[in-house]
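Let me begin by presenting the structure, written as structure tokens, before commenting on it.
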Amino acid sequence: MVQPKLYIIDGNAYIHRAYHALPPLTNSKGQLINAVYGFTRMLLKILRQEKPDYIAVCFDSPHPTFRHEEFPAYKATRKETPDELRSQIPLTMEVVEALNIASFQAKGYEADDIIATLAKKAKDKKISTVIVTGDKDMLQLVDDSVNVLNEPKGILYDEEKVKERFGVGPEQVVDIMGLAGDSSDNVPGVPGIGEKTALKLIKQFGNIEELLKNVSEVEGKLQKKIREFTEQAELSKRLVRLDDDVPLKEGVSACKFRDFDRQKLLKLFNLLEFKTLIRDLITKEEAKDVKYKTIFSKSDFEKLKDKLAECKAFSLDLETTSSHPMEAEIVGFSFSVKAKEAYYIPVWHSYLGAPEQLSKDYVINELRDVLEQKNIKKYGQNIKYDFIVLKHNGINLKGIYFDTMIASYVLNPSKFNHGLSDMVLEYLSYKMTSITDLIGKGAKQITMDRVEVEKVAPYACDDAETVFRLEQILDKEMEEKNLAKLFFDVEMPLVEILAEMEMLGIKVDINYLKELDVDFSGRLKKLEEEIYKKAYQKFNINSPKQLSFILFKKLGLPPLAKTKTGYSTQESVLRELARTNELPSLVLEYRELMKLKSTYVDSLTNLINPATARVHTSFNQTVTATGRLSSSEPNLQNIPIRTELGRKIRRAFIPEDGYKFVSCDYSQIDLRVLAHVSGDKNLCESFLNNEDIHIRTASQIFGVSTDIVTDQMRKVAKTVNFGLSYGMSAFGLSRDLGID
């Protein structure tokens, strides 16, 4: 008969291991979560791989233990737990609770003592134990029913493995450590005796007590040392020995593993924004009880059209051939008029063997009236996209009322992703089908019109139905947080304006771009020749490995930084090397020119819409944490201007004939808002007196009067002012200002 197994996790060891293994991850609220995330993943791995019958997590008590009372310097050399880690410990305990795992903590005792006590109780109940820790103290507990699992090293210690590690059995581990001490816990041992000498003595005498009785048999200086530190050796053994009789409120029976408290766990994971773990927790098999229907016949379509015309609100979503609305063709329409109900109308699935579908023109003409009805509210996810696509098909979408993506952004602008699948995971605890499951990715990606109707229909219905349900949840949450006015009065009216701006686009001088391409290509060719001349050979300038060989082997320049693959050729290194050699300077110039050509000249040429001869960027409402708009494909907010070459690129953007460009900017709007919100006397005074706030700040930083503040001083002050506004770190400020 197989014995049931108890897995005991050393909670503190797990937390520290997770904290040091992962970079400082934060969620959108700026809360550090790396230790909690790593801890959670390790716990889930144990549950998944080992499938324990019983499981417990033991934590140290924050109070002094009996060891501290006997030896105040116990663990005194340990570094204090950093605040960044300490703040995460309560969250790890919440994870343990949500996983329905028993946790133990006892005042005056360490987690190790609780582990020893549980292992002893488990043995009495004929339950075998695996202790999960990297702490060598635990090896004293190993016997025929207790093993110690060191996960990082992949070692499961039984009695034989302990003998391999220490040279003695588990019962003598405390004697070895009593003599040799343990620097990690500040257990003193006997000065001058290490593990090797301790092993020799314990093999000869059996234990510390027998050694001390027969110390006269020890030769030379070692005997003197042992006599001098007799009490310290006895103390060290007491400190190392684990107490297996800790008074616990609950025993091993409380460790019986039960399934997770799924709702509690999902709520906690959503709070911490553990998106991957949520996806792992929720399976697609947890299908919703929904009514989805695909519309093929005119009679069914007429019924749906009447239903849409009679309702107060509905959600809609388009399936198309492209993610860019200016190039997208409609493949199908999906609608939802109530929770758990949705419809899909395929109109342009064109694969071999596709079923007969209603014609696109017919569906568009028939839907026009209901889609242009102002008094019927329309919900969508990124509804600006649908607005543009419908506009190209002769429909002027009216009654745009609610965009779930924008609502998610208003509720939490720092959140990294406002995608529908993430919201559905967070609010509806449901895992949606990924679009890549339908169209694939990379070189094998196909367009939606090539995907079978029976696969697209549930995916499209899901989009519309979940948006309908999310509207009710997000609307209520914004109301509770006094954000409804911002959403309905500022953000939603902006959707249509941005859509019109995107459709209009911006004119680009194509002939000028072609000339610029020739100019940049000629400059690059000339730079290549100069670089080859200085390097005394041809090589791939874009290859860090080949450039490294030229700089550090052939030319003998001093390597300043190392990477995993060799010496670094990053910009900061080249700038330093350029002080004494012309080649690095030429390479920097080459890289800058190459970047400008590929990022702007080539990219802009490819992004010109052949139908309009204009560039149509996407204006994003839900990207920046500060509330500003961003722009993509191309990023019109990042066209360079500081260099002559950058200004040449800007000149490619031209106004329509008979029009002019007008540049407008708020005057330090961020800092004015900061002055209003904070009520800071100096800030308010500066603006009320129409002073230049950056000059005033510079005068305070550098301790000079405002009339002698230089441009460079003002630039430093500006960095400080805006850095304060947007939460810049000390590291960020030092990097931007080039100071320590």
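To be explicit about the labels: the chains of the structure tokens are called A, B, and onward in the order shown, and within each one the residues are counted from 1, while ligands get numbers from 1 in the order they are shown.
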For range 310-325 of chain A: contacts at 6 Å, only C-alpha atoms, fewer than 4 positions along chain excluded, given as an MDAnalysis selection string: chainID A and resid 329:337 376:380 385 389 447:448 464 468
Can I get the selection written as a PDB file, in the first residue's frame, with C-alpha atoms?
```
ATOM      1  CA  GLU A 329     -12.913  44.586 -46.071  1.00  0.00           C
ATOM      2  CA  ILE A 330     -15.935  43.374 -44.078  1.00  0.00           C
ATOM      3  CA  VAL A 331     -16.160  39.575 -43.728  1.00  0.00           C
ATOM      4  CA  GLY A 332     -19.029  39.442 -41.231  1.00  0.00           C
ATOM      5  CA  PHE A 333     -21.136  41.331 -38.658  1.00  0.00           C
ATOM      6  CA  SER A 334     -21.840  40.240 -35.081  1.00  0.00           C
ATOM      7  CA  PHE A 335     -24.487  41.690 -32.753  1.00  0.00           C
ATOM      8  CA  SER A 336     -25.687  41.155 -29.196  1.00  0.00           C
ATOM      9  CA  VAL A 337     -28.892  42.630 -27.770  1.00  0.00           C
ATOM     10  CA  ILE A 376     -30.238  53.329 -30.345  1.00  0.00           C
ATOM     11  CA  LYS A 377     -27.091  53.097 -28.214  1.00  0.00           C
ATOM     12  CA  LYS A 378     -24.136  51.271 -29.762  1.00  0.00           C
ATOM     13  CA  TYR A 379     -21.487  49.458 -27.697  1.00  0.00           C
ATOM     14  CA  GLY A 380     -18.151  48.227 -28.998  1.00  0.00           C
ATOM     15  CA  TYR A 385     -12.218  50.935 -35.900  1.00  0.00           C
ATOM     16  CA  VAL A 389     -14.736  50.546 -41.740  1.00  0.00           C
ATOM     17  CA  THR A 447      -7.032  36.620 -43.538  1.00  0.00           C
ATOM     18  CA  MET A 448     -10.393  36.132 -41.819  1.00  0.00           C
ATOM     19  CA  ALA A 464     -20.235  41.105 -29.286  1.00  0.00           C
ATOM     20  CA  PHE A 468     -22.635  43.795 -24.046  1.00  0.00           C
TER      21      PHE A 468
END
```
Can you list, as a ChimeraX atom specification, all residues belonging to range 422-635 of chain A that DSSP tags as helix (DSSP H, G or I)? /A:422-428,435-439,442-444,448-450,453-480,484-504,510-535,544-554,571-577,582-607
Would you please give, as JSON, numbers by chain, all residues of range 203-316 of chain A that DSSP assigns to strand (DSSP E or B) based on the backbone? {"A": [256, 291, 292, 293, 294, 313, 314, 315, 316]}
Out of A:Trp348, A:Phe229, A:Tyr430, A:Tyr157, which residue has the shortest atom-to-atom distance to Gly178 in chain A when counting only C-alpha atoms?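 Selected residue with least distance to Gly178 in chain A: A:Phe229.
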Show which residues sit within 10 Å of range 719-725 of chain A, as a ChimeraX atom specification. Count only C-alpha atoms, and ignore same-chain residues fewer than 6 positions away. /A:626,668,670-671,673-674,693-694,697-698,701,732-733,736-737
Residues of the last selection are to be written out with C-alpha atoms, as a short mmCIF file (atom, residue, chain, number, x, y, z; two decimals), in the first residue's frame.
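Output saved as out29.cif:
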```cif
data_model
loop_
_atom_site.label_atom_id
_atom_site.label_comp_id
_atom_site.auth_asym_id
_atom_site.auth_seq_id
_atom_site.Cartn_x
_atom_site.Cartn_y
_atom_site.Cartn_z
CA THR A 626 -0.86 60.31 -18.46
CA GLN A 668 2.90 73.93 -19.32
CA ASP A 670 0.84 69.46 -16.79
CA LEU A 671 2.42 71.74 -14.21
CA VAL A 673 -2.77 70.99 -13.23
CA LEU A 674 -0.17 69.95 -10.65
CA ILE A 693 8.36 77.99 -13.76
CA HIS A 694 11.47 76.24 -15.12
CA THR A 697 13.01 76.05 -10.26
CA ALA A 698 16.50 76.39 -11.77
CA ILE A 701 18.28 74.21 -7.62
CA GLY A 732 15.74 57.88 -14.23
CA LEU A 733 16.70 61.42 -13.23
CA ASP A 736 18.46 61.79 -18.10
CA LEU A 737 20.70 64.46 -16.55
#
```
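Minimum distance to Phe487 in chain A across A:Ile608, A:Leu265, A:Ala35, A:Ala407 (counting only C-alpha atoms) occurs at A:Ala407.
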Non-local contacts of range 170-175 of chain A (7 Å; only C-alpha atoms; under 4 positions in same chain excluded) as a PyMOL selection string: chain A and resi 139-142+159+162+179+207-208+237+240-241
Using only C-alpha atoms, pick whichever of A:Gly30, A:Pro24, A:Gly522, A:Pro191 has the shortest atom-to-atom distance to Gly727 in chain A. A:Gly30
Considering only C-alpha atoms, state which residue in the set A:Glu502, A:Gly220, A:Phe549, A:Leu583 is at the smallest distance from Ser631 in chain A. A:Glu502
Find, counting only C-alpha atoms, the residue in A:Arg258, A:Lys121, A:Lys514, A:His20 that gets nearest to Ala98 in chain A.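 Closest to Ala98 in chain A, using only C-alpha atoms: A:Arg258.
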Excluding Leu201 in chain A and residues on its chain fewer than 5 positions from it, collect all residues at most 9 Å away from it, counting only C-alpha atoms, and give them as a PyMOL selection string. chain A and resi 176+196+206-208+211+218
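Residues surrounding Glu452 in chain A within 12 Å are Val331, Gly332, Pro346, Trp348, His349, Ser350, Tyr351, Leu352, Gly353, Ala354, Pro355, Leu438, Ile439, Ile446, Pro458 and Tyr459 of chain A [only C-alpha atoms; sequence separation below 6 positions excluded].
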Please produce a file of the residues just selected, as a CSV table (one decimal), in the first residue's frame, where the atoms kept are C-alpha atoms.
```csv
chain,number,residue,atom,x,y,z
A,331,VAL,CA,-16.2,39.6,-43.7
A,332,GLY,CA,-19.0,39.4,-41.2
A,346,PRO,CA,-21.2,36.1,-42.6
A,348,TRP,CA,-17.7,37.5,-47.4
A,349,HIS,CA,-16.1,34.1,-46.4
A,350,SER,CA,-14.5,33.2,-49.7
A,351,TYR,CA,-12.6,29.9,-49.1
A,352,LEU,CA,-13.3,26.8,-51.3
A,353,GLY,CA,-16.5,25.1,-50.1
A,354,ALA,CA,-17.7,28.1,-48.1
A,355,PRO,CA,-21.5,28.0,-47.5
A,438,LEU,CA,-8.2,31.3,-36.3
A,439,ILE,CA,-5.8,33.1,-38.6
A,446,ILE,CA,-4.2,34.0,-43.4
A,458,PRO,CA,-18.6,31.6,-32.1
A,459,TYR,CA,-15.5,33.8,-32.0
```
Give me the residues near Lys554 in chain A as an MDAnalysis selection string, where near means some atom within 12 Å (using only C-alpha atoms) and where sequence neighbours in that chain fewer than 3 positions away do not count. chainID A and resid 534:537 546:551 557:558
